[in-house]
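Chemist: Next up, input-v1.pdb (PDB, C-alpha atoms and all ligand atoms).
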ATOM      1  CA  MET A  28     -39.125  -3.319 -49.421
ATOM      2  CA  THR A  29     -42.034  -5.674 -48.905
ATOM      3  CA  GLU A  30     -42.018  -9.269 -47.768
ATOM      4  CA  THR A  31     -42.411 -10.291 -51.399
ATOM      5  CA  ALA A  32     -39.288  -8.424 -52.530
ATOM      6  CA  PRO A  33     -36.503 -10.720 -53.755
ATOM      7  CA  GLY A  34     -34.447 -12.155 -50.919
ATOM      8  CA  ALA A  35     -30.712 -11.837 -50.332
ATOM      9  CA  GLU A  36     -30.303 -15.339 -51.738
ATOM     10  CA  GLN A  37     -31.993 -14.441 -55.041
ATOM     11  CA  LEU A  38     -30.039 -11.199 -55.384
ATOM     12  CA  ALA A  39     -26.953 -13.068 -56.568
ATOM     13  CA  GLY A  40     -23.923 -10.901 -57.163
ATOM     14  CA  THR A  41     -20.229 -10.498 -56.596
ATOM     15  CA  LEU A  42     -20.134  -8.324 -53.461
ATOM     16  CA  MET A  43     -18.119 -10.973 -51.634
ATOM     17  CA  ALA A  44     -16.181 -12.551 -54.502
ATOM     18  CA  GLY A  45     -12.705 -13.630 -53.412
ATOM     19  CA  LYS A  46     -13.574 -13.544 -49.701
ATOM     20  CA  ARG A  47     -13.215 -16.567 -47.460
ATOM     21  CA  GLY A  48     -15.074 -16.839 -44.193
ATOM     22  CA  LEU A  49     -15.709 -19.100 -41.242
ATOM     23  CA  ILE A  50     -19.351 -19.485 -40.253
ATOM     24  CA  MET A  51     -20.006 -20.948 -36.797
ATOM     25  CA  GLY A  52     -23.458 -21.814 -35.499
ATOM     26  CA  VAL A  53     -25.210 -23.762 -38.241
ATOM     27  CA  ALA A  54     -27.226 -26.485 -36.498
ATOM     28  CA  ASN A  55     -29.846 -26.985 -39.228
ATOM     29  CA  ASN A  56     -31.567 -25.125 -42.063
ATOM     30  CA  ARG A  57     -33.453 -22.919 -39.615
ATOM     31  CA  SER A  58     -30.270 -21.539 -38.001
ATOM     32  CA  ILE A  59     -29.572 -17.828 -38.396
ATOM     33  CA  ALA A  60     -26.013 -18.757 -39.409
ATOM     34  CA  TRP A  61     -27.494 -20.737 -42.318
ATOM     35  CA  GLY A  62     -29.390 -17.645 -43.532
ATOM     36  CA  ILE A  63     -26.138 -15.671 -43.481
ATOM     37  CA  ALA A  64     -24.179 -18.491 -45.135
ATOM     38  CA  LYS A  65     -26.603 -18.710 -48.061
ATOM     39  CA  ALA A  66     -26.602 -14.944 -48.566
ATOM     40  CA  VAL A  67     -22.797 -14.557 -48.567
ATOM     41  CA  VAL A  68     -22.315 -17.552 -50.875
ATOM     42  CA  ALA A  69     -24.852 -15.993 -53.279
ATOM     43  CA  GLN A  70     -22.479 -13.002 -53.354
ATOM     44  CA  GLY A  71     -19.483 -15.133 -54.286
ATOM     45  CA  ALA A  72     -17.948 -15.860 -50.868
ATOM     46  CA  GLU A  73     -16.286 -19.156 -50.041
ATOM     47  CA  VAL A  74     -17.206 -20.505 -46.610
ATOM     48  CA  ALA A  75     -16.126 -23.020 -44.000
ATOM     49  CA  LEU A  76     -18.748 -24.344 -41.565
ATOM     50  CA  THR A  77     -18.338 -25.842 -38.113
ATOM     51  CA  TYR A  78     -20.520 -28.261 -36.202
ATOM     52  CA  GLN A  79     -20.747 -28.837 -32.477
ATOM     53  CA  GLY A  80     -20.371 -32.572 -31.923
ATOM     54  CA  ASP A  81     -21.147 -35.618 -34.039
ATOM     55  CA  ALA A  82     -24.913 -35.346 -33.603
ATOM     56  CA  LEU A  83     -24.904 -32.127 -35.653
ATOM     57  CA  LYS A  84     -22.288 -33.316 -38.159
ATOM     58  CA  LYS A  85     -24.928 -35.307 -40.044
ATOM     59  CA  ARG A  86     -27.089 -32.209 -40.404
ATOM     60  CA  VAL A  87     -24.330 -29.755 -41.291
ATOM     61  CA  GLN A  88     -22.499 -31.826 -43.924
ATOM     62  CA  PRO A  89     -25.358 -31.855 -46.486
ATOM     63  CA  LEU A  90     -25.907 -28.139 -45.886
ATOM     64  CA  ALA A  91     -22.223 -27.493 -46.567
ATOM     65  CA  ALA A  92     -22.549 -29.490 -49.801
ATOM     66  CA  GLU A  93     -25.463 -27.240 -50.802
ATOM     67  CA  LEU A  94     -23.114 -24.286 -50.402
ATOM     68  CA  GLY A  95     -20.440 -25.990 -52.489
ATOM     69  CA  THR A  96     -17.916 -26.269 -49.667
ATOM     70  CA  ASN A  97     -16.172 -29.297 -48.237
ATOM     71  CA  VAL A  98     -14.501 -27.369 -45.425
ATOM     72  CA  VAL A  99     -16.637 -28.638 -42.529
ATOM     73  CA  LEU A 100     -14.856 -28.835 -39.202
ATOM     74  CA  PRO A 101     -15.796 -29.782 -35.634
ATOM     75  CA  CYS A 102     -15.651 -27.145 -32.901
ATOM     76  CA  ASP A 103     -17.003 -26.915 -29.386
ATOM     77  CA  VAL A 104     -16.108 -23.487 -28.010
ATOM     78  CA  THR A 105     -15.917 -24.848 -24.453
ATOM     79  CA  ASP A 106     -12.997 -27.042 -25.550
ATOM     80  CA  LYS A 107      -9.865 -24.949 -26.181
ATOM     81  CA  ALA A 108      -8.126 -27.790 -27.992
ATOM     82  CA  SER A 109     -10.972 -28.031 -30.519
ATOM     83  CA  VAL A 110     -10.867 -24.247 -31.124
ATOM     84  CA  ASP A 111      -7.093 -24.387 -31.664
ATOM     85  CA  ALA A 112      -7.444 -27.377 -33.982
ATOM     86  CA  LEU A 113     -10.088 -25.510 -36.017
ATOM     87  CA  PHE A 114      -7.834 -22.515 -36.625
ATOM     88  CA  ALA A 115      -4.784 -24.697 -37.310
ATOM     89  CA  GLU A 116      -6.809 -26.529 -39.961
ATOM     90  CA  LEU A 117      -8.065 -23.255 -41.493
ATOM     91  CA  GLU A 118      -4.506 -21.969 -41.665
ATOM     92  CA  ARG A 119      -3.456 -25.147 -43.444
ATOM     93  CA  THR A 120      -6.408 -25.115 -45.849
ATOM     94  CA  TRP A 121      -6.784 -21.425 -46.640
ATOM     95  CA  GLY A 122      -3.804 -19.640 -45.069
ATOM     96  CA  ARG A 123      -5.922 -16.558 -44.434
ATOM     97  CA  LEU A 124      -9.424 -15.493 -43.441
ATOM     98  CA  ASP A 125     -11.583 -12.509 -44.454
ATOM     99  CA  PHE A 126     -14.622 -12.894 -42.232
ATOM    100  CA  LEU A 127     -16.027 -14.713 -39.217
ATOM    101  CA  VAL A 128     -19.664 -15.252 -38.236
ATOM    102  CA  HIS A 129     -20.235 -16.068 -34.567
ATOM    103  CA  ALA A 130     -23.821 -17.331 -34.126
ATOM    104  CA  ILE A 131     -23.391 -19.335 -30.935
ATOM    105  CA  ALA A 132     -25.290 -19.232 -27.660
ATOM    106  CA  PHE A 133     -26.263 -21.609 -24.891
ATOM    107  CA  SER A 134     -27.974 -21.512 -21.504
ATOM    108  CA  ASP A 135     -29.701 -24.108 -19.345
ATOM    109  CA  LYS A 136     -33.309 -24.131 -20.547
ATOM    110  CA  ASN A 137     -34.574 -24.531 -16.971
ATOM    111  CA  GLU A 138     -33.125 -21.149 -16.077
ATOM    112  CA  LEU A 139     -34.819 -19.383 -18.989
ATOM    113  CA  ASP A 140     -38.037 -19.652 -17.032
ATOM    114  CA  GLY A 141     -38.795 -18.209 -13.633
ATOM    115  CA  ARG A 142     -36.769 -15.359 -12.137
ATOM    116  CA  TYR A 143     -33.356 -14.094 -13.261
ATOM    117  CA  VAL A 144     -32.429 -13.632  -9.624
ATOM    118  CA  ASP A 145     -32.426 -17.417  -9.206
ATOM    119  CA  THR A 146     -29.693 -17.997 -11.842
ATOM    120  CA  SER A 147     -27.144 -20.516 -10.571
ATOM    121  CA  GLU A 148     -23.443 -19.704 -10.542
ATOM    122  CA  GLU A 149     -22.765 -22.721 -12.723
ATOM    123  CA  ASN A 150     -25.233 -21.723 -15.443
ATOM    124  CA  PHE A 151     -24.216 -18.056 -15.247
ATOM    125  CA  THR A 152     -20.599 -19.058 -15.922
ATOM    126  CA  GLN A 153     -21.475 -21.530 -18.663
ATOM    127  CA  THR A 154     -23.830 -19.092 -20.414
ATOM    128  CA  MET A 155     -21.184 -16.340 -20.364
ATOM    129  CA  LEU A 156     -18.467 -18.712 -21.581
ATOM    130  CA  VAL A 157     -20.393 -20.101 -24.552
ATOM    131  CA  SER A 158     -22.475 -17.060 -25.512
ATOM    132  CA  CYS A 159     -20.035 -14.231 -24.771
ATOM    133  CA  TYR A 160     -16.402 -15.160 -24.121
ATOM    134  CA  SER A 161     -16.272 -17.454 -27.158
ATOM    135  CA  LEU A 162     -16.461 -14.391 -29.438
ATOM    136  CA  THR A 163     -13.311 -12.968 -27.858
ATOM    137  CA  ALA A 164     -11.497 -16.313 -27.953
ATOM    138  CA  LEU A 165     -12.377 -16.762 -31.633
ATOM    139  CA  ALA A 166     -11.574 -13.158 -32.590
ATOM    140  CA  ARG A 167      -8.097 -13.497 -31.087
ATOM    141  CA  ARG A 168      -7.370 -16.509 -33.268
ATOM    142  CA  ALA A 169      -9.104 -15.058 -36.357
ATOM    143  CA  GLU A 170      -7.026 -11.870 -36.090
ATOM    144  CA  LYS A 171      -3.867 -13.830 -36.903
ATOM    145  CA  LEU A 172      -5.402 -15.112 -40.148
ATOM    146  CA  MET A 173      -6.983 -11.776 -41.138
ATOM    147  CA  THR A 174      -3.758 -10.492 -42.638
ATOM    148  CA  ASP A 175      -5.550  -8.287 -45.146
ATOM    149  CA  GLY A 176      -8.169  -6.840 -42.774
ATOM    150  CA  GLY A 177     -11.450  -8.565 -42.021
ATOM    151  CA  SER A 178     -14.979  -8.438 -40.708
ATOM    152  CA  ILE A 179     -16.378 -10.251 -37.675
ATOM    153  CA  ILE A 180     -20.052 -10.378 -36.759
ATOM    154  CA  THR A 181     -21.960 -11.856 -33.851
ATOM    155  CA  LEU A 182     -25.662 -12.275 -33.143
ATOM    156  CA  THR A 183     -27.398 -10.537 -30.282
ATOM    157  CA  TYR A 184     -30.960  -9.780 -29.140
ATOM    158  CA  TYR A 185     -32.930  -6.845 -27.729
ATOM    159  CA  GLY A 186     -33.003  -8.665 -24.373
ATOM    160  CA  ALA A 187     -29.479  -7.196 -23.909
ATOM    161  CA  GLU A 188     -30.967  -3.688 -23.777
ATOM    162  CA  LYS A 189     -34.353  -4.192 -22.114
ATOM    163  CA  VAL A 190     -35.859  -6.856 -19.902
ATOM    164  CA  MET A 191     -37.599  -9.434 -22.079
ATOM    165  CA  PRO A 192     -39.736 -12.252 -20.698
ATOM    166  CA  HIS A 193     -37.822 -15.523 -20.153
ATOM    167  CA  TYR A 194     -34.517 -14.168 -21.505
ATOM    168  CA  ASN A 195     -32.964 -13.953 -18.032
ATOM    169  CA  VAL A 196     -29.225 -14.745 -17.894
ATOM    170  CA  MET A 197     -29.056 -14.764 -21.683
ATOM    171  CA  GLY A 198     -29.924 -11.047 -21.615
ATOM    172  CA  VAL A 199     -26.993 -10.432 -19.285
ATOM    173  CA  ALA A 200     -24.695 -12.464 -21.555
ATOM    174  CA  LYS A 201     -25.887 -10.556 -24.638
ATOM    175  CA  ALA A 202     -25.239  -7.214 -22.890
ATOM    176  CA  ALA A 203     -21.676  -8.393 -22.207
ATOM    177  CA  LEU A 204     -21.429  -9.643 -25.800
ATOM    178  CA  GLU A 205     -22.421  -6.201 -27.138
ATOM    179  CA  ALA A 206     -19.812  -4.566 -24.885
ATOM    180  CA  SER A 207     -17.261  -7.109 -26.174
ATOM    181  CA  VAL A 208     -18.052  -5.993 -29.726
ATOM    182  CA  ARG A 209     -17.040  -2.445 -28.811
ATOM    183  CA  TYR A 210     -13.804  -3.481 -27.068
ATOM    184  CA  LEU A 211     -12.866  -5.901 -29.843
ATOM    185  CA  ALA A 212     -13.583  -3.220 -32.467
ATOM    186  CA  ALA A 213     -11.179  -0.886 -30.654
ATOM    187  CA  ASP A 214      -8.472  -3.553 -30.329
ATOM    188  CA  LEU A 215      -8.629  -4.877 -33.881
ATOM    189  CA  GLY A 216      -9.382  -1.660 -35.790
ATOM    190  CA  LYS A 217      -5.697  -0.847 -36.296
ATOM    191  CA  ASN A 218      -5.435  -3.947 -38.484
ATOM    192  CA  ASN A 219      -8.576  -2.979 -40.408
ATOM    193  CA  ILE A 220     -10.578  -5.740 -38.758
ATOM    194  CA  ARG A 221     -14.136  -4.640 -38.071
ATOM    195  CA  VAL A 222     -16.383  -6.127 -35.377
ATOM    196  CA  ASN A 223     -20.151  -5.640 -35.365
ATOM    197  CA  ALA A 224     -23.297  -7.305 -34.046
ATOM    198  CA  ILE A 225     -26.660  -7.975 -35.629
ATOM    199  CA  SER A 226     -29.487  -7.688 -33.123
ATOM    200  CA  ALA A 227     -32.055  -9.984 -34.715
ATOM    201  CA  GLY A 228     -35.758 -10.008 -33.941
ATOM    202  CA  PRO A 229     -37.199 -13.330 -32.740
ATOM    203  CA  ILE A 230     -36.937 -16.200 -35.248
ATOM    204  CA  LYS A 231     -38.086 -19.787 -34.628
ATOM    205  CA  THR A 232     -34.839 -21.771 -34.395
ATOM    206  CA  LEU A 233     -33.525 -24.648 -32.305
ATOM    207  CA  ALA A 234     -32.035 -22.242 -29.726
ATOM    208  CA  ALA A 235     -35.287 -20.254 -29.589
ATOM    209  CA  SER A 236     -37.230 -23.412 -28.765
ATOM    210  CA  GLY A 237     -35.621 -23.234 -25.303
ATOM    211  CA  ILE A 238     -37.457 -19.988 -24.583
ATOM    212  CA  ALA A 239     -40.889 -20.336 -23.016
ATOM    213  CA  ASP A 240     -43.886 -18.628 -24.721
ATOM    214  CA  PHE A 241     -41.808 -18.106 -27.874
ATOM    215  CA  ARG A 242     -44.847 -18.191 -30.147
ATOM    216  CA  TYR A 243     -46.399 -15.419 -28.077
ATOM    217  CA  ILE A 244     -43.189 -13.364 -28.363
ATOM    218  CA  LEU A 245     -43.240 -13.842 -32.152
ATOM    219  CA  ARG A 246     -46.868 -12.734 -32.384
ATOM    220  CA  TRP A 247     -46.246  -9.709 -30.153
ATOM    221  CA  ASN A 248     -43.368  -8.620 -32.397
ATOM    222  CA  GLU A 249     -45.438  -9.148 -35.515
ATOM    223  CA  TYR A 250     -48.235  -6.908 -34.242
ATOM    224  CA  ASN A 251     -46.075  -4.250 -32.660
ATOM    225  CA  SER A 252     -43.045  -3.705 -34.895
ATOM    226  CA  PRO A 253     -43.214  -0.783 -37.352
ATOM    227  CA  LEU A 254     -43.128  -3.205 -40.318
ATOM    228  CA  ARG A 255     -45.937  -5.320 -38.749
ATOM    229  CA  ARG A 256     -44.026  -8.537 -39.281
ATOM    230  CA  THR A 257     -41.250 -10.641 -37.821
ATOM    231  CA  VAL A 258     -37.917 -11.067 -39.591
ATOM    232  CA  THR A 259     -36.696 -13.983 -41.678
ATOM    233  CA  LEU A 260     -33.349 -15.739 -42.101
ATOM    234  CA  ASP A 261     -33.148 -13.941 -45.405
ATOM    235  CA  ASP A 262     -33.550 -10.518 -43.746
ATOM    236  CA  VAL A 263     -30.632 -11.305 -41.442
ATOM    237  CA  GLY A 264     -28.651 -12.779 -44.362
ATOM    238  CA  GLY A 265     -28.942  -9.525 -46.323
ATOM    239  CA  SER A 266     -27.653  -7.480 -43.400
ATOM    240  CA  GLY A 267     -24.914 -10.070 -42.927
ATOM    241  CA  VAL A 268     -23.747  -9.420 -46.506
ATOM    242  CA  TYR A 269     -23.640  -5.698 -45.783
ATOM    243  CA  LEU A 270     -21.606  -6.075 -42.579
ATOM    244  CA  LEU A 271     -19.266  -8.768 -43.927
ATOM    245  CA  SER A 272     -18.573  -7.133 -47.289
ATOM    246  CA  ASP A 273     -16.761  -3.918 -48.125
ATOM    247  CA  LEU A 274     -20.129  -2.139 -48.358
ATOM    248  CA  SER A 275     -19.759  -1.449 -44.628
ATOM    249  CA  LYS A 276     -16.007  -0.719 -44.676
ATOM    250  CA  GLY A 277     -16.473   2.383 -42.498
ATOM    251  CA  VAL A 278     -18.599   0.608 -39.856
ATOM    252  CA  THR A 279     -17.272  -1.029 -36.690
ATOM    253  CA  GLY A 280     -18.324  -1.457 -33.065
ATOM    254  CA  GLU A 281     -21.976  -1.237 -34.139
ATOM    255  CA  VAL A 282     -25.077  -3.112 -32.984
ATOM    256  CA  HIS A 283     -27.296  -3.195 -36.076
ATOM    257  CA  HIS A 284     -30.951  -4.064 -35.427
ATOM    258  CA  VAL A 285     -32.621  -6.401 -37.908
ATOM    259  CA  ASP A 286     -35.944  -6.597 -36.093
ATOM    260  CA  ALA A 287     -38.519  -4.972 -38.390
ATOM    261  CA  GLY A 288     -37.899  -1.845 -36.290
ATOM    262  CA  TYR A 289     -39.285  -3.304 -33.055
ATOM    263  CA  HIS A 290     -36.644  -1.613 -30.871
ATOM    264  CA  VAL A 291     -37.891   1.909 -31.698
ATOM    265  CA  GLN A 292     -41.388   1.277 -30.345
ATOM    266  CA  GLY A 293     -42.210   2.647 -26.893
ATOM    267  CA  MET A 294     -45.684   1.103 -26.586
ATOM    268  CA  LYS A 295     -47.823  -1.372 -28.428
ATOM    269  CA  ASN A 296     -49.155  -0.280 -31.808
ATOM    270  CA  GLU A 297     -52.578   1.318 -31.620
ATOM    271  CA  ASP A 298     -53.863  -1.149 -34.203
ATOM    272  CA  ALA A 299     -52.377  -4.205 -32.437
ATOM    273  CA  PRO A 300     -54.909  -6.586 -30.855
ATOM    274  CA  ASP A 301     -55.196  -6.727 -27.093
ATOM    275  CA  ILE A 302     -52.510  -8.784 -25.377
ATOM    276  CA  SER A 303     -54.953 -11.299 -23.901
ATOM    277  CA  VAL A 304     -56.389 -12.012 -27.357
ATOM    278  CA  VAL A 305     -52.876 -12.486 -28.749
ATOM    279  CA  LYS A 306     -51.853 -14.804 -25.942
ATOM    280  CA  SER A 307     -54.917 -17.064 -26.185
ATOM    281  CA  ASP A 308     -54.481 -17.094 -29.950
ATOM    282  CA  ALA A 309     -50.781 -18.048 -29.813
TER     283      ALA A 309
HETATM  284  N1  LIG B   1     -33.574 -17.149 -32.857
HETATM  285  C1  LIG B   1     -33.736 -15.942 -32.370
HETATM  286  O1  LIG B   1     -34.838 -15.484 -32.122
HETATM  287  C2  LIG B   1     -32.514 -15.083 -32.112
HETATM  288  C3  LIG B   1     -32.672 -13.694 -31.992
HETATM  289  C4  LIG B   1     -31.553 -12.912 -31.764
HETATM  290  C5  LIG B   1     -30.305 -13.502 -31.640
HETATM  291  N2  LIG B   1     -30.182 -14.856 -31.757
HETATM  292  C6  LIG B   1     -28.841 -15.447 -31.641
HETATM  293  O2  LIG B   1     -28.471 -16.031 -32.860
HETATM  294  C7  LIG B   1     -27.443 -16.981 -32.603
HETATM  295  C8  LIG B   1     -27.755 -18.266 -33.356
HETATM  296  O3  LIG B   1     -28.875 -18.913 -32.763
HETATM  297  P1  LIG B   1     -30.097 -19.497 -33.609
HETATM  298  O4  LIG B   1     -31.326 -18.834 -33.111
HETATM  299  O5  LIG B   1     -29.789 -19.496 -35.043
HETATM  300  O6  LIG B   1     -30.202 -20.993 -33.058
HETATM  301  P2  LIG B   1     -29.463 -22.359 -33.469
HETATM  302  O7  LIG B   1     -29.842 -23.322 -32.410
HETATM  303  O8  LIG B   1     -29.756 -22.718 -34.856
HETATM  304  O9  LIG B   1     -27.913 -21.983 -33.349
HETATM  305  C9  LIG B   1     -27.225 -21.962 -32.125
HETATM  306  C10 LIG B   1     -25.863 -22.567 -32.417
HETATM  307  O10 LIG B   1     -25.008 -22.462 -31.276
HETATM  308  C11 LIG B   1     -24.173 -23.596 -31.333
HETATM  309  N3  LIG B   1     -23.522 -23.837 -30.045
HETATM  310  C12 LIG B   1     -24.080 -23.881 -28.802
HETATM  311  N4  LIG B   1     -23.147 -24.214 -27.891
HETATM  312  C13 LIG B   1     -21.969 -24.361 -28.574
HETATM  313  C14 LIG B   1     -20.649 -24.732 -28.199
HETATM  314  N5  LIG B   1     -20.335 -25.024 -26.930
HETATM  315  N6  LIG B   1     -19.690 -24.778 -29.162
HETATM  316  C15 LIG B   1     -19.987 -24.521 -30.458
HETATM  317  N7  LIG B   1     -21.227 -24.186 -30.870
HETATM  318  C16 LIG B   1     -22.202 -24.118 -29.935
HETATM  319  C17 LIG B   1     -25.121 -24.736 -31.702
HETATM  320  O11 LIG B   1     -24.422 -25.850 -32.181
HETATM  321  C18 LIG B   1     -25.944 -24.058 -32.782
HETATM  322  O12 LIG B   1     -25.370 -24.265 -34.047
HETATM  323  C19 LIG B   1     -27.371 -17.135 -31.090
HETATM  324  O13 LIG B   1     -26.320 -16.317 -30.603
HETATM  325  C20 LIG B   1     -28.704 -16.567 -30.639
HETATM  326  O14 LIG B   1     -28.680 -16.082 -29.318
HETATM  327  C21 LIG B   1     -31.258 -15.659 -31.992
END
Please re-express this file's structure in structure tokens.
Modeler:
Amino acid sequence: MTETAPGAEQLAGTLMAGKRGLIMGVANNRSIAWGIAKAVVAQGAEVALTYQGDALKKRVQPLAAELGTNVVLPCDVTDKASVDALFAELERTWGRLDFLVHAIAFSDKNELDGRYVDTSEENFTQTMLVSCYSLTALARRAEKLMTDGGSIITLTYYGAEKVMPHYNVMGVAKAALEASVRYLAADLGKNNIRVNAISAGPIKTLAASGIADFRYILRWNEYNSPLRRTVTLDDVGGSGVYLLSDLSKGVTGEVHHVDAGYHVQGMKNEDAPDISVVKSDA
């Protein structure tokens, strides 16, 4: 497939017809969750979106309308009452759930610079709560509504596996998130609920803007991944359809890389420009 191949959105179909899913993490039309939402709706899924606080409500509501849904609910994962209210409302509206997309992360921007060793206890705890524990808290509630099996996905990054510049405590949280995927897969498998992660390559989003030198990271990935490019929302959306639909019914506990193959590289590509040229060019 080339970059000009039709995207997941254009490949409309019925792979997810009859499925209802909750998508958490749309902040705007550059969010990874938005890429997944568009792709699953193009395959016939019905979705509910959440927004974190009133500031994002204004952005998320028109996006929900674009997807043809009016199920748009508030949820801040640090507030248990708002998580409970979300699931109570979903139970009232839909009665059951087939899939859940967890595309939520947060860390203090100031601690995504400098040394990991200087991470404060407060930010360590907050980062783990929002970016890792929330998946478990949501999965526990989703399980009750997934009465006919289900599929849960979360979003992770290569910084969980290897040290990446400026990823710091978020890398530690993503490592714990990937371990959570395995434990949740084992717990929920008996009820035919699958739990997987997509490890996405760098994409310019609101959350990514908190990471220093992000443009440099993007360029480095473009030059050094096997496909010689970075990934798009549409690339992640297509893999989201696979993991959320029955196409992947035998797959659980997996971390699936959607990174143009970057994670298989051991060194920079021979044809990639020198690092100093890339950095000054970024
Ligand atoms: N952008 C990348 O390069 C990249 C790469 C790999 C993985 N990811 C992961 O993808 C996921 C989505 O991030 P994104 O890049 O699309 O950025 P984004 O800023 O569009 O999305 C992050 C979302 O997290 C939500 N969020 C943060 N704190 C929350 C809270 N307390 N309660 C509820 N929601 C909360 C925000 O509202 C926002 O919608 C994150 O887990 C991120 O780590 C991003």
Chemist: Can you list every residue of range 194-272 of chain A that has an atom at most 10 Å from range 166-178 of chain A, with its nearest atom pair and the distance in Å to one decimal, using all atoms listed in the file, ordered by chain then number, as a tab-separated table?
Modeler:
residue	atom	partner	partner_atom	distance
A:Leu211	CA	A:Ala166	CA	7.9
A:Ala212	CA	A:Ser178	CA	9.9
A:Asp214	CA	A:Arg167	CA	10.0
A:Leu215	CA	A:Glu170	CA	7.5
A:Gly216	CA	A:Gly176	CA	8.8
A:Lys217	CA	A:Gly176	CA	9.2
A:Asn218	CA	A:Gly176	CA	5.9
A:Asn219	CA	A:Gly176	CA	4.5
A:Ile220	CA	A:Gly177	CA	4.4
A:Arg221	CA	A:Ser178	CA	4.7
A:Val222	CA	A:Ser178	CA	6.0
A:Asn223	CA	A:Ser178	CA	7.9
A:Leu270	CA	A:Ser178	CA	7.3
A:Leu271	CA	A:Ser178	CA	5.4
A:Ser272	CA	A:Ser178	CA	7.6
Chemist: Could I get the residues of chain A with an atom no further than 8 Å from an atom of ligand LIG 1 (chain B), each paired with its nearest atom pair and that distance in Å to one decimal, using all atoms listed in the file, sorted by chain and residue number, as CSV?
Modeler:
residue,atom,partner,partner_atom,distance
A:Met51,CA,B:LIG1,N7,6.9
A:Gly52,CA,B:LIG1,O12,3.4
A:Val53,CA,B:LIG1,O12,4.2
A:Ala54,CA,B:LIG1,O12,3.8
A:Asn55,CA,B:LIG1,O8,6.1
A:Asn56,CA,B:LIG1,O8,7.8
A:Arg57,CA,B:LIG1,O8,6.0
A:Ser58,CA,B:LIG1,O8,3.4
A:Ile59,CA,B:LIG1,O5,3.8
A:Ala60,CA,B:LIG1,O5,5.8
A:Trp61,CA,B:LIG1,O5,7.7
A:Thr77,CA,B:LIG1,C15,7.9
A:Tyr78,CA,B:LIG1,O11,6.1
A:Gln79,CA,B:LIG1,O11,4.7
A:Gly80,CA,B:LIG1,O11,7.9
A:Leu83,CA,B:LIG1,O11,7.2
A:Cys102,CA,B:LIG1,C15,5.6
A:Asp103,CA,B:LIG1,N6,3.4
A:Val104,CA,B:LIG1,N6,4.0
A:Thr105,CA,B:LIG1,N5,5.1
A:Asp106,CA,B:LIG1,N5,7.7
A:His129,CA,B:LIG1,O13,7.3
A:Ala130,CA,B:LIG1,C7,3.9
A:Ile131,CA,B:LIG1,O10,3.5
A:Ala132,CA,B:LIG1,O13,4.3
A:Phe133,CA,B:LIG1,C12,5.0
A:Val157,CA,B:LIG1,N5,5.5
A:Ser158,CA,B:LIG1,O13,6.4
A:Thr181,CA,B:LIG1,O13,7.0
A:Leu182,CA,B:LIG1,O2,4.7
A:Thr183,CA,B:LIG1,C5,4.4
A:Tyr184,CA,B:LIG1,C4,4.1
A:Tyr185,CA,B:LIG1,C4,7.4
A:Met197,CA,B:LIG1,O14,7.8
A:Lys201,CA,B:LIG1,O14,7.8
A:Ile225,CA,B:LIG1,C5,7.7
A:Ser226,CA,B:LIG1,C4,5.8
A:Ala227,CA,B:LIG1,C4,4.2
A:Gly228,CA,B:LIG1,C3,5.2
A:Pro229,CA,B:LIG1,O1,3.3
A:Ile230,CA,B:LIG1,O1,3.8
A:Lys231,CA,B:LIG1,N1,5.5
A:Thr232,CA,B:LIG1,O4,4.8
A:Leu233,CA,B:LIG1,O7,3.9
A:Ala234,CA,B:LIG1,O7,3.6
A:Ala235,CA,B:LIG1,N1,4.8
Chemist: Using all atoms listed in the file, which protein or nucleic acid residues come within 9 Å of Val268 in chain A? Drop anything in the same chain fewer than 6 positions from it, and give the result as a ChimeraX atom specification.
Modeler: /A:35,42-43,63,66-67,70,274
Chemist: Could you write out as a ChimeraX atom specification the residues that the PyMOL selection byres (((chain A and resi 117) around 12) and not hetatm) matches in the shown file?
Modeler: /A:47-50,74-77,98-101,110-116,118-125,127,168-169,171-173
Chemist: Output C-alpha atoms of each residue in that selection to a file, as a compact mmCIF listing (two decimals), keeping the file's coordinate frame.
Modeler:
# COMPACT_ATOMS: atom_id res chain seq x y z
CA ARG A 47 -13.22 -16.57 -47.46
CA GLY A 48 -15.07 -16.84 -44.19
CA LEU A 49 -15.71 -19.10 -41.24
CA ILE A 50 -19.35 -19.48 -40.25
CA VAL A 74 -17.21 -20.50 -46.61
CA ALA A 75 -16.13 -23.02 -44.00
CA LEU A 76 -18.75 -24.34 -41.56
CA THR A 77 -18.34 -25.84 -38.11
CA VAL A 98 -14.50 -27.37 -45.42
CA VAL A 99 -16.64 -28.64 -42.53
CA LEU A 100 -14.86 -28.84 -39.20
CA PRO A 101 -15.80 -29.78 -35.63
CA VAL A 110 -10.87 -24.25 -31.12
CA ASP A 111 -7.09 -24.39 -31.66
CA ALA A 112 -7.44 -27.38 -33.98
CA LEU A 113 -10.09 -25.51 -36.02
CA PHE A 114 -7.83 -22.52 -36.62
CA ALA A 115 -4.78 -24.70 -37.31
CA GLU A 116 -6.81 -26.53 -39.96
CA GLU A 118 -4.51 -21.97 -41.66
CA ARG A 119 -3.46 -25.15 -43.44
CA THR A 120 -6.41 -25.12 -45.85
CA TRP A 121 -6.78 -21.42 -46.64
CA GLY A 122 -3.80 -19.64 -45.07
CA ARG A 123 -5.92 -16.56 -44.43
CA LEU A 124 -9.42 -15.49 -43.44
CA ASP A 125 -11.58 -12.51 -44.45
CA LEU A 127 -16.03 -14.71 -39.22
CA ARG A 168 -7.37 -16.51 -33.27
CA ALA A 169 -9.10 -15.06 -36.36
CA LYS A 171 -3.87 -13.83 -36.90
CA LEU A 172 -5.40 -15.11 -40.15
CA MET A 173 -6.98 -11.78 -41.14
Chemist: Show me, as a PyMOL selection string, the residues that have an atom within 7 Å of range 253-259 of chain A when counting only C-alpha atoms, minus same-chain residues fewer than 5 positions from it.
Modeler: chain A and resi 228+230+245+248+286-289
